[in-house]
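What follows is input-v4.cif (mmCIF, N, CA and C atoms).
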```
data_structure
loop_
_atom_site.label_atom_id
_atom_site.label_comp_id
_atom_site.auth_asym_id
_atom_site.auth_seq_id
_atom_site.Cartn_x
_atom_site.Cartn_y
_atom_site.Cartn_z
N MET A 261 90.32 -15.65 -28.51
CA MET A 261 89.62 -16.64 -27.72
C MET A 261 90.57 -17.15 -26.63
N THR A 262 90.07 -17.29 -25.41
CA THR A 262 90.90 -17.77 -24.32
C THR A 262 90.67 -19.26 -24.10
N THR A 263 91.69 -19.92 -23.62
CA THR A 263 91.58 -21.35 -23.35
C THR A 263 91.38 -21.55 -21.86
N PRO A 264 90.65 -22.58 -21.46
CA PRO A 264 90.46 -22.82 -20.04
C PRO A 264 91.78 -23.22 -19.38
N PRO A 265 91.94 -22.91 -18.10
CA PRO A 265 93.19 -23.27 -17.42
C PRO A 265 93.32 -24.78 -17.26
N ASP A 266 94.55 -25.25 -17.26
CA ASP A 266 94.75 -26.67 -17.06
C ASP A 266 94.56 -27.00 -15.58
N ASP A 267 94.50 -28.28 -15.28
CA ASP A 267 94.20 -28.73 -13.93
C ASP A 267 95.27 -28.29 -12.92
N ARG A 268 96.53 -28.30 -13.31
CA ARG A 268 97.61 -27.92 -12.40
C ARG A 268 97.51 -26.46 -11.99
N SER A 269 97.27 -25.59 -12.95
CA SER A 269 97.19 -24.16 -12.61
C SER A 269 95.94 -23.87 -11.77
N PHE A 270 94.85 -24.60 -12.03
CA PHE A 270 93.65 -24.42 -11.23
C PHE A 270 93.91 -24.84 -9.78
N ARG A 271 94.55 -25.98 -9.57
CA ARG A 271 94.85 -26.44 -8.21
C ARG A 271 95.81 -25.50 -7.51
N ARG A 272 96.79 -24.97 -8.24
CA ARG A 272 97.73 -24.02 -7.65
C ARG A 272 97.01 -22.74 -7.23
N GLU A 273 96.12 -22.26 -8.07
CA GLU A 273 95.37 -21.05 -7.75
C GLU A 273 94.46 -21.27 -6.53
N MET A 274 93.81 -22.42 -6.48
CA MET A 274 92.97 -22.72 -5.32
C MET A 274 93.80 -22.78 -4.05
N ALA A 275 94.98 -23.36 -4.12
CA ALA A 275 95.82 -23.51 -2.94
C ALA A 275 96.36 -22.16 -2.45
N THR A 276 96.70 -21.28 -3.36
CA THR A 276 97.32 -20.02 -2.93
C THR A 276 96.29 -18.93 -2.66
N ALA A 277 95.29 -18.81 -3.49
CA ALA A 277 94.38 -17.67 -3.37
C ALA A 277 93.21 -17.92 -2.44
N TYR A 278 92.67 -19.12 -2.44
CA TYR A 278 91.42 -19.34 -1.72
C TYR A 278 91.58 -20.08 -0.40
N ARG A 279 92.49 -21.02 -0.33
CA ARG A 279 92.62 -21.82 0.89
C ARG A 279 93.15 -21.03 2.07
N SER A 280 93.86 -19.94 1.82
CA SER A 280 94.48 -19.21 2.92
C SER A 280 93.49 -18.30 3.64
N GLY A 281 92.27 -18.18 3.17
CA GLY A 281 91.30 -17.30 3.81
C GLY A 281 90.34 -18.04 4.73
N TRP A 282 89.50 -17.29 5.40
CA TRP A 282 88.48 -17.86 6.27
C TRP A 282 87.22 -18.12 5.45
N HIS A 283 86.59 -19.28 5.68
CA HIS A 283 85.44 -19.67 4.89
C HIS A 283 84.26 -20.03 5.79
N PHE A 284 83.10 -19.53 5.42
CA PHE A 284 81.87 -19.77 6.18
C PHE A 284 81.46 -21.22 6.03
N ILE A 285 81.13 -21.86 7.16
CA ILE A 285 80.68 -23.25 7.13
C ILE A 285 79.18 -23.33 7.36
N ASP A 286 78.72 -22.85 8.52
CA ASP A 286 77.31 -22.90 8.87
C ASP A 286 77.10 -22.03 10.10
N ARG A 287 75.86 -21.93 10.53
CA ARG A 287 75.56 -21.22 11.77
C ARG A 287 75.85 -22.13 12.95
N VAL A 288 76.14 -21.55 14.09
CA VAL A 288 76.44 -22.32 15.30
C VAL A 288 75.23 -23.14 15.73
N THR A 289 74.05 -22.71 15.38
CA THR A 289 72.84 -23.44 15.77
C THR A 289 72.72 -24.79 15.06
N ALA A 290 73.55 -25.05 14.05
CA ALA A 290 73.52 -26.34 13.36
C ALA A 290 74.07 -27.46 14.25
N ILE A 291 74.90 -27.11 15.24
CA ILE A 291 75.43 -28.09 16.19
C ILE A 291 75.20 -27.56 17.61
N PRO A 292 73.95 -27.65 18.10
CA PRO A 292 73.61 -27.00 19.37
C PRO A 292 74.10 -27.71 20.63
N HIS A 293 74.24 -29.04 20.61
CA HIS A 293 74.56 -29.80 21.81
C HIS A 293 75.96 -30.39 21.73
N SER A 294 76.54 -30.70 22.90
CA SER A 294 77.86 -31.34 22.90
C SER A 294 77.72 -32.72 22.27
N GLY A 295 78.71 -33.06 21.45
CA GLY A 295 78.68 -34.33 20.72
C GLY A 295 78.11 -34.21 19.32
N ASP A 296 77.44 -33.12 19.00
CA ASP A 296 76.91 -32.91 17.65
C ASP A 296 78.06 -32.61 16.70
N SER A 297 77.92 -33.04 15.46
CA SER A 297 78.96 -32.77 14.48
C SER A 297 78.33 -32.48 13.13
N LEU A 298 79.14 -31.91 12.27
CA LEU A 298 78.72 -31.50 10.94
C LEU A 298 79.85 -31.82 9.99
N MET A 299 79.56 -32.53 8.91
CA MET A 299 80.59 -32.89 7.93
C MET A 299 80.37 -32.05 6.68
N VAL A 300 81.41 -31.32 6.26
CA VAL A 300 81.35 -30.48 5.08
C VAL A 300 82.57 -30.74 4.21
N THR A 301 82.51 -30.31 2.98
CA THR A 301 83.65 -30.40 2.07
C THR A 301 84.07 -28.99 1.70
N VAL A 302 85.33 -28.66 1.99
CA VAL A 302 85.87 -27.35 1.68
C VAL A 302 87.02 -27.53 0.70
N PHE A 303 86.86 -27.05 -0.50
CA PHE A 303 87.85 -27.19 -1.57
C PHE A 303 88.27 -28.65 -1.77
N GLY A 304 87.31 -29.54 -1.75
CA GLY A 304 87.57 -30.95 -2.01
C GLY A 304 88.09 -31.73 -0.83
N GLU A 305 88.22 -31.10 0.33
CA GLU A 305 88.71 -31.79 1.51
C GLU A 305 87.58 -31.92 2.53
N PRO A 306 87.35 -33.15 3.03
CA PRO A 306 86.31 -33.31 4.05
C PRO A 306 86.76 -32.71 5.39
N VAL A 307 85.88 -31.93 5.99
CA VAL A 307 86.15 -31.29 7.28
C VAL A 307 84.98 -31.60 8.21
N VAL A 308 85.31 -32.02 9.43
CA VAL A 308 84.29 -32.28 10.45
C VAL A 308 84.34 -31.14 11.46
N VAL A 309 83.18 -30.53 11.68
CA VAL A 309 83.05 -29.49 12.70
C VAL A 309 82.21 -30.10 13.81
N THR A 310 82.72 -30.06 15.04
CA THR A 310 82.04 -30.71 16.15
C THR A 310 82.02 -29.82 17.38
N ARG A 311 81.09 -30.11 18.27
CA ARG A 311 81.03 -29.42 19.56
C ARG A 311 81.43 -30.42 20.62
N ASP A 312 82.48 -30.10 21.39
CA ASP A 312 82.99 -31.04 22.37
C ASP A 312 82.25 -30.93 23.71
N GLU A 313 82.71 -31.67 24.71
CA GLU A 313 82.04 -31.73 26.01
C GLU A 313 82.02 -30.38 26.72
N ASP A 314 83.01 -29.53 26.43
CA ASP A 314 83.09 -28.20 27.05
C ASP A 314 82.29 -27.15 26.28
N GLU A 315 81.48 -27.60 25.30
CA GLU A 315 80.68 -26.72 24.46
C GLU A 315 81.51 -25.86 23.51
N ASP A 316 82.78 -26.21 23.31
CA ASP A 316 83.63 -25.50 22.35
C ASP A 316 83.42 -26.10 20.96
N VAL A 317 83.47 -25.28 19.93
CA VAL A 317 83.34 -25.75 18.55
C VAL A 317 84.75 -25.93 17.99
N ARG A 318 85.01 -27.11 17.44
CA ARG A 318 86.32 -27.42 16.89
C ARG A 318 86.14 -28.02 15.48
N ALA A 319 87.18 -27.86 14.65
CA ALA A 319 87.14 -28.39 13.29
C ALA A 319 88.36 -29.26 13.04
N TYR A 320 88.16 -30.32 12.26
CA TYR A 320 89.23 -31.27 11.96
C TYR A 320 89.17 -31.64 10.48
N ARG A 321 90.34 -31.73 9.88
CA ARG A 321 90.46 -32.22 8.50
C ARG A 321 90.52 -33.73 8.57
N CYS A 322 89.72 -34.39 7.75
CA CYS A 322 89.71 -35.86 7.72
C CYS A 322 90.78 -36.33 6.74
N LEU A 323 91.74 -37.06 7.24
CA LEU A 323 92.81 -37.56 6.39
C LEU A 323 92.35 -38.79 5.65
N ARG A 324 92.86 -38.96 4.46
CA ARG A 324 92.46 -40.11 3.65
C ARG A 324 93.31 -41.34 3.92
N LYS A 325 94.38 -41.18 4.69
CA LYS A 325 95.23 -42.32 4.99
C LYS A 325 94.55 -43.23 6.02
N PRO A 326 94.75 -44.53 5.90
CA PRO A 326 94.17 -45.41 6.91
C PRO A 326 94.79 -45.17 8.28
N ARG A 327 93.99 -45.17 9.27
CA ARG A 327 94.39 -44.97 10.67
C ARG A 327 95.08 -43.64 10.91
N GLY A 328 94.82 -42.68 10.07
CA GLY A 328 95.40 -41.35 10.29
C GLY A 328 94.58 -40.57 11.29
N ALA A 329 95.23 -39.87 12.18
CA ALA A 329 94.53 -39.07 13.16
C ALA A 329 93.96 -37.82 12.49
N PRO A 330 92.79 -37.37 12.90
CA PRO A 330 92.26 -36.13 12.33
C PRO A 330 93.18 -34.96 12.63
N GLN A 331 93.34 -34.11 11.65
CA GLN A 331 94.25 -32.97 11.78
C GLN A 331 93.43 -31.73 12.14
N PRO A 332 93.77 -31.04 13.24
CA PRO A 332 93.00 -29.85 13.63
C PRO A 332 93.09 -28.75 12.58
N VAL A 333 92.00 -28.04 12.41
CA VAL A 333 91.91 -26.92 11.48
C VAL A 333 91.53 -25.70 12.30
N ARG A 334 92.07 -24.55 11.94
CA ARG A 334 91.71 -23.33 12.66
C ARG A 334 90.23 -23.03 12.47
N CYS A 335 89.57 -22.74 13.58
CA CYS A 335 88.13 -22.53 13.57
C CYS A 335 87.81 -21.28 14.39
N ALA A 336 86.89 -20.46 13.91
CA ALA A 336 86.50 -19.25 14.63
C ALA A 336 84.99 -19.08 14.54
N ILE A 337 84.42 -18.51 15.58
CA ILE A 337 82.99 -18.20 15.59
C ILE A 337 82.85 -16.70 15.68
N ARG A 338 82.17 -16.13 14.72
CA ARG A 338 81.92 -14.69 14.70
C ARG A 338 80.45 -14.48 14.34
N TYR A 339 79.76 -13.67 15.16
CA TYR A 339 78.37 -13.31 14.90
C TYR A 339 77.48 -14.53 14.73
N GLY A 340 77.76 -15.60 15.49
CA GLY A 340 76.95 -16.81 15.43
C GLY A 340 77.20 -17.69 14.22
N MET A 341 78.29 -17.44 13.50
CA MET A 341 78.64 -18.23 12.32
C MET A 341 79.99 -18.91 12.51
N ILE A 342 80.13 -20.09 11.94
CA ILE A 342 81.37 -20.87 12.05
C ILE A 342 82.21 -20.63 10.80
N PHE A 343 83.49 -20.29 11.01
CA PHE A 343 84.44 -20.09 9.92
C PHE A 343 85.62 -21.04 10.14
N VAL A 344 86.17 -21.59 9.05
CA VAL A 344 87.38 -22.40 9.14
C VAL A 344 88.42 -21.86 8.18
N ASN A 345 89.68 -22.17 8.49
CA ASN A 345 90.80 -21.78 7.65
C ASN A 345 91.68 -23.00 7.45
N LEU A 346 91.86 -23.44 6.22
CA LEU A 346 92.62 -24.65 5.92
C LEU A 346 94.10 -24.41 5.74
N ASP A 347 94.53 -23.17 5.87
CA ASP A 347 95.94 -22.83 5.67
C ASP A 347 96.80 -23.54 6.70
N GLN A 348 97.88 -24.18 6.26
CA GLN A 348 98.77 -24.95 7.13
C GLN A 348 99.86 -24.11 7.78
N ARG A 349 100.08 -22.90 7.28
CA ARG A 349 101.17 -22.08 7.80
C ARG A 349 100.92 -21.67 9.24
N ASP A 350 101.99 -21.41 9.95
CA ASP A 350 101.91 -21.01 11.34
C ASP A 350 101.58 -19.53 11.42
N HIS A 351 100.48 -19.21 12.07
CA HIS A 351 100.03 -17.82 12.15
C HIS A 351 100.12 -17.27 13.57
N ARG A 352 100.95 -17.86 14.41
CA ARG A 352 101.11 -17.32 15.76
C ARG A 352 101.82 -15.99 15.69
N LEU A 353 101.45 -15.12 16.57
CA LEU A 353 102.08 -13.80 16.59
C LEU A 353 103.42 -13.88 17.29
N ALA A 354 104.39 -13.16 16.77
CA ALA A 354 105.70 -13.09 17.42
C ALA A 354 105.58 -12.19 18.64
N GLU A 355 106.48 -12.38 19.58
CA GLU A 355 106.48 -11.54 20.77
C GLU A 355 106.73 -10.10 20.37
N PRO A 356 105.89 -9.18 20.84
CA PRO A 356 106.09 -7.77 20.46
C PRO A 356 107.31 -7.18 21.14
N ASP A 357 107.97 -6.26 20.44
CA ASP A 357 109.13 -5.57 21.00
C ASP A 357 108.72 -4.51 22.01
N VAL A 358 107.51 -3.98 21.84
CA VAL A 358 107.02 -2.93 22.73
C VAL A 358 106.32 -3.60 23.91
N PRO A 359 106.77 -3.36 25.15
CA PRO A 359 106.20 -4.05 26.29
C PRO A 359 104.78 -3.61 26.66
N ASP A 360 104.29 -2.44 26.20
CA ASP A 360 102.97 -1.99 26.60
C ASP A 360 101.84 -2.58 25.76
N VAL A 361 102.14 -3.34 24.71
CA VAL A 361 101.11 -4.00 23.92
C VAL A 361 100.67 -5.25 24.67
N ARG A 362 99.37 -5.31 25.02
CA ARG A 362 98.91 -6.40 25.85
C ARG A 362 98.07 -7.42 25.09
N THR A 363 97.10 -6.98 24.31
CA THR A 363 96.24 -7.91 23.60
C THR A 363 96.11 -7.49 22.15
N ILE A 364 95.91 -8.48 21.31
CA ILE A 364 95.67 -8.24 19.90
C ILE A 364 94.47 -9.10 19.52
N SER A 365 93.45 -8.53 18.92
CA SER A 365 92.29 -9.30 18.51
C SER A 365 92.27 -9.38 17.00
N ALA A 366 91.85 -10.52 16.49
CA ALA A 366 91.82 -10.73 15.04
C ALA A 366 90.41 -11.13 14.62
N THR A 367 90.03 -10.73 13.43
CA THR A 367 88.73 -11.08 12.88
C THR A 367 88.95 -11.68 11.50
N PRO A 368 88.23 -12.76 11.17
CA PRO A 368 88.37 -13.32 9.82
C PRO A 368 88.05 -12.29 8.75
N ARG A 369 88.70 -12.42 7.61
CA ARG A 369 88.48 -11.49 6.51
C ARG A 369 87.04 -11.53 6.02
N SER A 370 86.39 -12.70 6.11
CA SER A 370 85.03 -12.84 5.59
C SER A 370 83.98 -12.22 6.50
N ALA A 371 84.32 -12.00 7.77
CA ALA A 371 83.32 -11.53 8.73
C ALA A 371 83.10 -10.03 8.60
#
```

Show me the file's structure as structure tokens.
Amino acid sequence: MTTPPDDRSFRREMATAYRSGWHFIDRVTAIPHSGDSLMVTVFGEPVVVTRDEDEDVRAYRCLRKPRGAPQPVRCAIRYGMIFVNLDQRDHRLAEPDVPDVRTISATPRSA
């Protein structure tokens, strides 16, 4: 008979295995106009997805501290769907050694 995991191991597994990926939030049509926003909970953390004045979709983590500024979250739109990634690590690409490489495109794992 197996025993259920304790709370610490569950939180560690959620932080390492699931938070580092891209997660579907909703369709872009859920926030059609500038100023529209959508509040969701991703792994127990409140996230606000909003459309700004330039019609860009952005996501922010809501901090629980008083007077804390919202923390930007990586957000991507693929095939009319909104994806967010809560991973805090820096994912910028290093400068390539080969000068003929010009562009690199990335797609979320879930798409």

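Comparing A:Phe270, A:Arg321, A:Gln331, A:Arg311 by their smallest distance to Pro292 of chain A, the closest is A:Arg311 (using only N, CA and C atoms).
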
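With atom CA of Glu273 of chain A on one side and atom CA of Val317 of chain A on the other, the separation reads 29.3 Å.
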
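The space separating atom N of Ala290 of chain A from atom CA of Leu323 of chain A comes to 24.2 Å.
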
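The space between atom CA of Ser297 of chain A and atom N of Thr310 of chain A spans 4.7 Å.
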
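Ranking A:Cys322, A:Leu298, A:Met341, A:Ala336 by their shortest atom-to-atom distance to Asp286 of chain A, with only N, CA and C atoms included, puts A:Met341 first.
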
Output check: residues returned by the PyMOL selection byres ((chain A and resi 340) around 5), as number ranges by chain: A: 287-288, 338-339, 341-342
